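Structure first, commentary second.
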Amino acid sequence: MKNEKIYVTKPSLPPLEEFIPSLEAIWNNRILTNGGPFHEQLEQELCSHLGVKHISLFSNATVALLTALQALRVTGEVITTPYSFVATSHSLLWNGLKPVFVDIDPVTLNLDPAKIEAAITQQTTAIMPVHCYGHPCDVDAIQKIADLYNLKVIYDAAHAFGVEDERGSVLNHGDLSILSFHATKVFNTFEGGAIICPDVKTKTRIDQLKNFGYVDEVTVVAPGTNGKMSEFNAALGLLQLKYIKFALERRELIDSAYRERLRGVAGIECLDRSGETVSNFSYFPILVRPGYPISRDGLYELLKENGIHPRRYFYPLISSFSMYRSLPSAQPSNLPVASEAALQVLCLPIYPDMEMEIVDKVCELIESV
């Protein structure tokens with residue numbers, strides 16, 4: 001570990017020798033895509049594992065977001081968070097929609113339901129919240145507003161694989177939920193994503209949209225795209241499910257170790273749960289508050305100088321980028337909580353095969369200041 005660079009995450013992969021038989025099966029049947037046997041099996045097993053009714057696999061979560069908006073025929077304005085990865089709001093621009101940014105809750109860092117109603121106009125048709133760091137949004141409050149104003153709710157659940165609240169999977173809330181299976185996520189398929197669907201009719205439309213809009217060989221019903229997951233990705237996903245319990249247990253141990261070590265460090269705040277009964281420990285964000293001797297960026301540089309590479313998720317705010325900053329809702333004065341969090345957040349390394357010595361080193365550096 002002495003000279004090794006430690007990054008915020010490292011992709012989880014199963015033993016290579018266990019993946020070889022799947023590759024051999026793909027070579028033998030010559031089915032590489034278009035809903036092959038591994039694809040169908042992974043959809044079934046994910047439904048069972050996650051406790052959801054229907055799932056549609058995608059090549060990545062960004063295409064899944066784009067398709068979800070198409071599937072629900074969203075138009076006009078969509079209320080969303082500035083505190084996320086840019087794919088969240090980029091999916092709106094790609095669909096010709098106008099993002100309307102609303103501030104976040106200071107405790108959960110999720111979209112603040114108390115700020116939503118004031119942002120609703122006659123052009124508002126949907127809300128796109130994010131379960132940030134895998135911590136659930138206030139789904140009941142958001143749904144109550146959506147029902148009152150007849151709005152769709154599409155959850156960017158990229159961080160929320162396996163997360164549950166008192167009613168089961170958080171993925172069952174809203175009209176649709178989108179998962180990411182990117183290499184950096186708790187569950188990965190090299191690259192991939194999915195849409196959680198409430199019924200067969202919705203899944204059928206989504207499956208058509210991700211396959212160019214085809215219904216059969218001669219019938220196209222919508223201007224769809226190519227968002228299908230390949231058999232290679234699906235085969236890996238099936239194998240990854242075999243090890244997901246171990247991965248989550250290791251993440252929980254690392255999460256607990258960080259919390260124990262950092263509990264007494266003045267000016268360092270660890271983010272708490274926000275209603276989940278089952279967590280996935282996908283990230284370990286800390287907030288570097290004014291009581292800490294140096295700034296967030298100062299700590300960021302100190303860790304990097306010592307071979308530790310944390311990430312400032314999420315900085316800068318989406319609303320500060322050139323394609324968004326001219327929007328009235330993007331003004332910093334409209335987003336004081338998100339603006340403050342973006343300047344204080346630092347995600348520390350966490351991944352299943354991370355040695356506890358790394359936790360010790362990270363915490364010693366933080367304590368040393």
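To be explicit about the labels: the chains of the structure tokens are called A, B, and onward in the order shown, and within each one the residues are counted from 1, while ligands get numbers from 1 in the order they are shown.
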May I have all residues of segment 59-158 of chain A that DSSP, computed from the backbone, assigns to alpha helix (DSSP H), given as a PyMOL selection string? chain A and resi 61-71+87-94+139-149
Counting only C-alpha atoms, what are the residues of segment 9-66 of chain A within 10 Å of segment 180-204 of chain A, and for each of them which pair of atoms is the nearest and at what distance in Å, to one decimal? Sort the table by chain and rising number, as CSV.
```
residue,atom,partner,partner_atom,distance
A:Thr9,CA,A:Thr184,CA,6.4
A:Lys10,CA,A:Thr184,CA,6.7
A:Pro11,CA,A:Ala183,CA,5.4
A:Ser12,CA,A:Asn188,CA,7.4
A:Leu13,CA,A:Asn188,CA,8.3
A:Glu43,CA,A:Ala194,CA,9.2
A:Cys47,CA,A:Ile196,CA,8.8
A:Leu50,CA,A:Ile196,CA,9.9
A:Val52,CA,A:Ile196,CA,7.2
A:Lys53,CA,A:Pro198,CA,6.3
A:His54,CA,A:Cys197,CA,5.0
A:Ile55,CA,A:Ile196,CA,4.6
A:Ser56,CA,A:Ile195,CA,5.3
A:Leu57,CA,A:Ala194,CA,4.4
A:Phe58,CA,A:Gly193,CA,4.8
A:Ser59,CA,A:Gly192,CA,4.5
A:Asn60,CA,A:Gly192,CA,3.8
A:Ala61,CA,A:Gly193,CA,4.2
A:Thr62,CA,A:Gly193,CA,7.8
A:Val63,CA,A:Gly193,CA,8.1
A:Ala64,CA,A:Ala194,CA,6.2
A:Leu65,CA,A:Ile195,CA,8.0
```
As a ChimeraX atom specification, please: every residue in segment 17-232 of chain A that a backbone DSSP assignment puts in strand (DSSP E or B). /A:54-58,77-80,98-101,104,111,124-128,130,152-156,164-165,168-169,176-180,193-197,211,214-216,219-220,226
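All residues of protein, DNA or RNA that reach within 7 Å of segment 271-277 of chain A, judged by only C-alpha atoms and not counting those fewer than 2 positions away in the chain, are Thr108, His135, Pro136, Val163, Glu164, Asp165, Glu166, Glu269, Ser279, Pro285 and Ile286 of chain A.
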Please list as a PyMOL selection string every residue within 7 Å of Leu151 of chain A, counting only C-alpha atoms and excluding residues in the same chain fewer than 6 positions away. chain A and resi 125-127
As a ChimeraX atom specification, please: the residues near Lys98 of chain A (cut-off 8 Å, only C-alpha atoms, same-chain neighbours under 6 positions excluded). /A:76-78,92
Nearby residues (only C-alpha atoms) at most 8 Å from Val345 of chain A, same-chain spacing under 5 positions excluded, as a list in words: Pro285, Ile286, Leu287, Val288, Arg296, Arg312, Tyr313 and Phe314 of chain A
Neighbour list for Ala330 of chain A as a PDB file with all heavy atoms, in the first residue's frame, cut-off 9 Å, only C-alpha atoms, skip fewer than 6 positions in-chain:
```pdb
ATOM      1  N   PRO A  82     -30.071  20.288  -8.343  1.00  0.00           N
ATOM      2  CA  PRO A  82     -28.787  20.701  -8.912  1.00  0.00           C
ATOM      3  C   PRO A  82     -27.636  19.881  -8.360  1.00  0.00           C
ATOM      4  O   PRO A  82     -26.516  19.964  -8.848  1.00  0.00           O
ATOM      5  CB  PRO A  82     -28.665  22.155  -8.439  1.00  0.00           C
ATOM      6  CG  PRO A  82     -29.337  22.146  -7.102  1.00  0.00           C
ATOM      7  CD  PRO A  82     -30.498  21.181  -7.231  1.00  0.00           C
ATOM      8  N   VAL A 100     -35.879  22.705 -14.032  1.00  0.00           N
ATOM      9  CA  VAL A 100     -36.145  23.737 -13.024  1.00  0.00           C
ATOM     10  C   VAL A 100     -35.505  23.240 -11.727  1.00  0.00           C
ATOM     11  O   VAL A 100     -35.955  22.254 -11.144  1.00  0.00           O
ATOM     12  CB  VAL A 100     -37.654  23.974 -12.840  1.00  0.00           C
ATOM     13  CG1 VAL A 100     -37.896  24.980 -11.712  1.00  0.00           C
ATOM     14  CG2 VAL A 100     -38.276  24.463 -14.140  1.00  0.00           C
ATOM     15  N   PHE A 101     -34.442  23.915 -11.306  1.00  0.00           N
ATOM     16  CA  PHE A 101     -33.687  23.464 -10.133  1.00  0.00           C
ATOM     17  C   PHE A 101     -34.333  23.948  -8.842  1.00  0.00           C
ATOM     18  O   PHE A 101     -34.747  25.108  -8.729  1.00  0.00           O
ATOM     19  CB  PHE A 101     -32.244  23.962 -10.211  1.00  0.00           C
ATOM     20  CG  PHE A 101     -31.480  23.404 -11.376  1.00  0.00           C
ATOM     21  CD1 PHE A 101     -31.115  24.216 -12.442  1.00  0.00           C
ATOM     22  CD2 PHE A 101     -31.143  22.057 -11.411  1.00  0.00           C
ATOM     23  CE1 PHE A 101     -30.411  23.702 -13.518  1.00  0.00           C
ATOM     24  CE2 PHE A 101     -30.442  21.534 -12.489  1.00  0.00           C
ATOM     25  CZ  PHE A 101     -30.075  22.355 -13.551  1.00  0.00           C
ATOM     26  N   VAL A 102     -34.394  23.030  -7.893  1.00  0.00           N
ATOM     27  CA  VAL A 102     -34.932  23.317  -6.566  1.00  0.00           C
ATOM     28  C   VAL A 102     -33.879  22.926  -5.544  1.00  0.00           C
ATOM     29  O   VAL A 102     -33.136  21.945  -5.741  1.00  0.00           O
ATOM     30  CB  VAL A 102     -36.258  22.544  -6.343  1.00  0.00           C
ATOM     31  CG1 VAL A 102     -36.621  22.489  -4.870  1.00  0.00           C
ATOM     32  CG2 VAL A 102     -37.381  23.182  -7.145  1.00  0.00           C
ATOM     33  N   ILE A 318     -24.583  21.164 -10.843  1.00  0.00           N
ATOM     34  CA  ILE A 318     -25.028  21.100 -12.243  1.00  0.00           C
ATOM     35  C   ILE A 318     -25.448  22.485 -12.729  1.00  0.00           C
ATOM     36  O   ILE A 318     -25.149  22.892 -13.856  1.00  0.00           O
ATOM     37  CB  ILE A 318     -26.216  20.129 -12.394  1.00  0.00           C
ATOM     38  CG1 ILE A 318     -25.795  18.696 -12.087  1.00  0.00           C
ATOM     39  CG2 ILE A 318     -26.809  20.219 -13.805  1.00  0.00           C
ATOM     40  CD1 ILE A 318     -26.952  17.710 -12.078  1.00  0.00           C
ATOM     41  N   SER A 319     -26.128  23.213 -11.864  1.00  0.00           N
ATOM     42  CA  SER A 319     -26.680  24.515 -12.236  1.00  0.00           C
ATOM     43  C   SER A 319     -25.616  25.549 -12.577  1.00  0.00           C
ATOM     44  O   SER A 319     -25.930  26.589 -13.164  1.00  0.00           O
ATOM     45  CB  SER A 319     -27.551  25.045 -11.094  1.00  0.00           C
ATOM     46  OG  SER A 319     -26.841  24.985  -9.863  1.00  0.00           O
ATOM     47  N   SER A 320     -24.354  25.270 -12.242  1.00  0.00           N
ATOM     48  CA  SER A 320     -23.284  26.234 -12.518  1.00  0.00           C
ATOM     49  C   SER A 320     -22.654  26.044 -13.894  1.00  0.00           C
ATOM     50  O   SER A 320     -21.888  26.893 -14.347  1.00  0.00           O
ATOM     51  CB  SER A 320     -22.194  26.129 -11.446  1.00  0.00           C
ATOM     52  OG  SER A 320     -21.482  24.903 -11.572  1.00  0.00           O
ATOM     53  N   TYR A 324     -26.647  25.568 -18.218  1.00  0.00           N
ATOM     54  CA  TYR A 324     -27.727  25.731 -17.241  1.00  0.00           C
ATOM     55  C   TYR A 324     -27.721  27.079 -16.516  1.00  0.00           C
ATOM     56  O   TYR A 324     -28.763  27.514 -16.034  1.00  0.00           O
ATOM     57  CB  TYR A 324     -27.643  24.618 -16.182  1.00  0.00           C
ATOM     58  CG  TYR A 324     -27.760  23.235 -16.742  1.00  0.00           C
ATOM     59  CD1 TYR A 324     -26.661  22.385 -16.812  1.00  0.00           C
ATOM     60  CD2 TYR A 324     -28.984  22.751 -17.213  1.00  0.00           C
ATOM     61  CE1 TYR A 324     -26.766  21.105 -17.329  1.00  0.00           C
ATOM     62  CE2 TYR A 324     -29.107  21.477 -17.737  1.00  0.00           C
ATOM     63  CZ  TYR A 324     -27.988  20.653 -17.794  1.00  0.00           C
ATOM     64  OH  TYR A 324     -28.095  19.389 -18.314  1.00  0.00           O
TER      65      TYR A 324
END
```
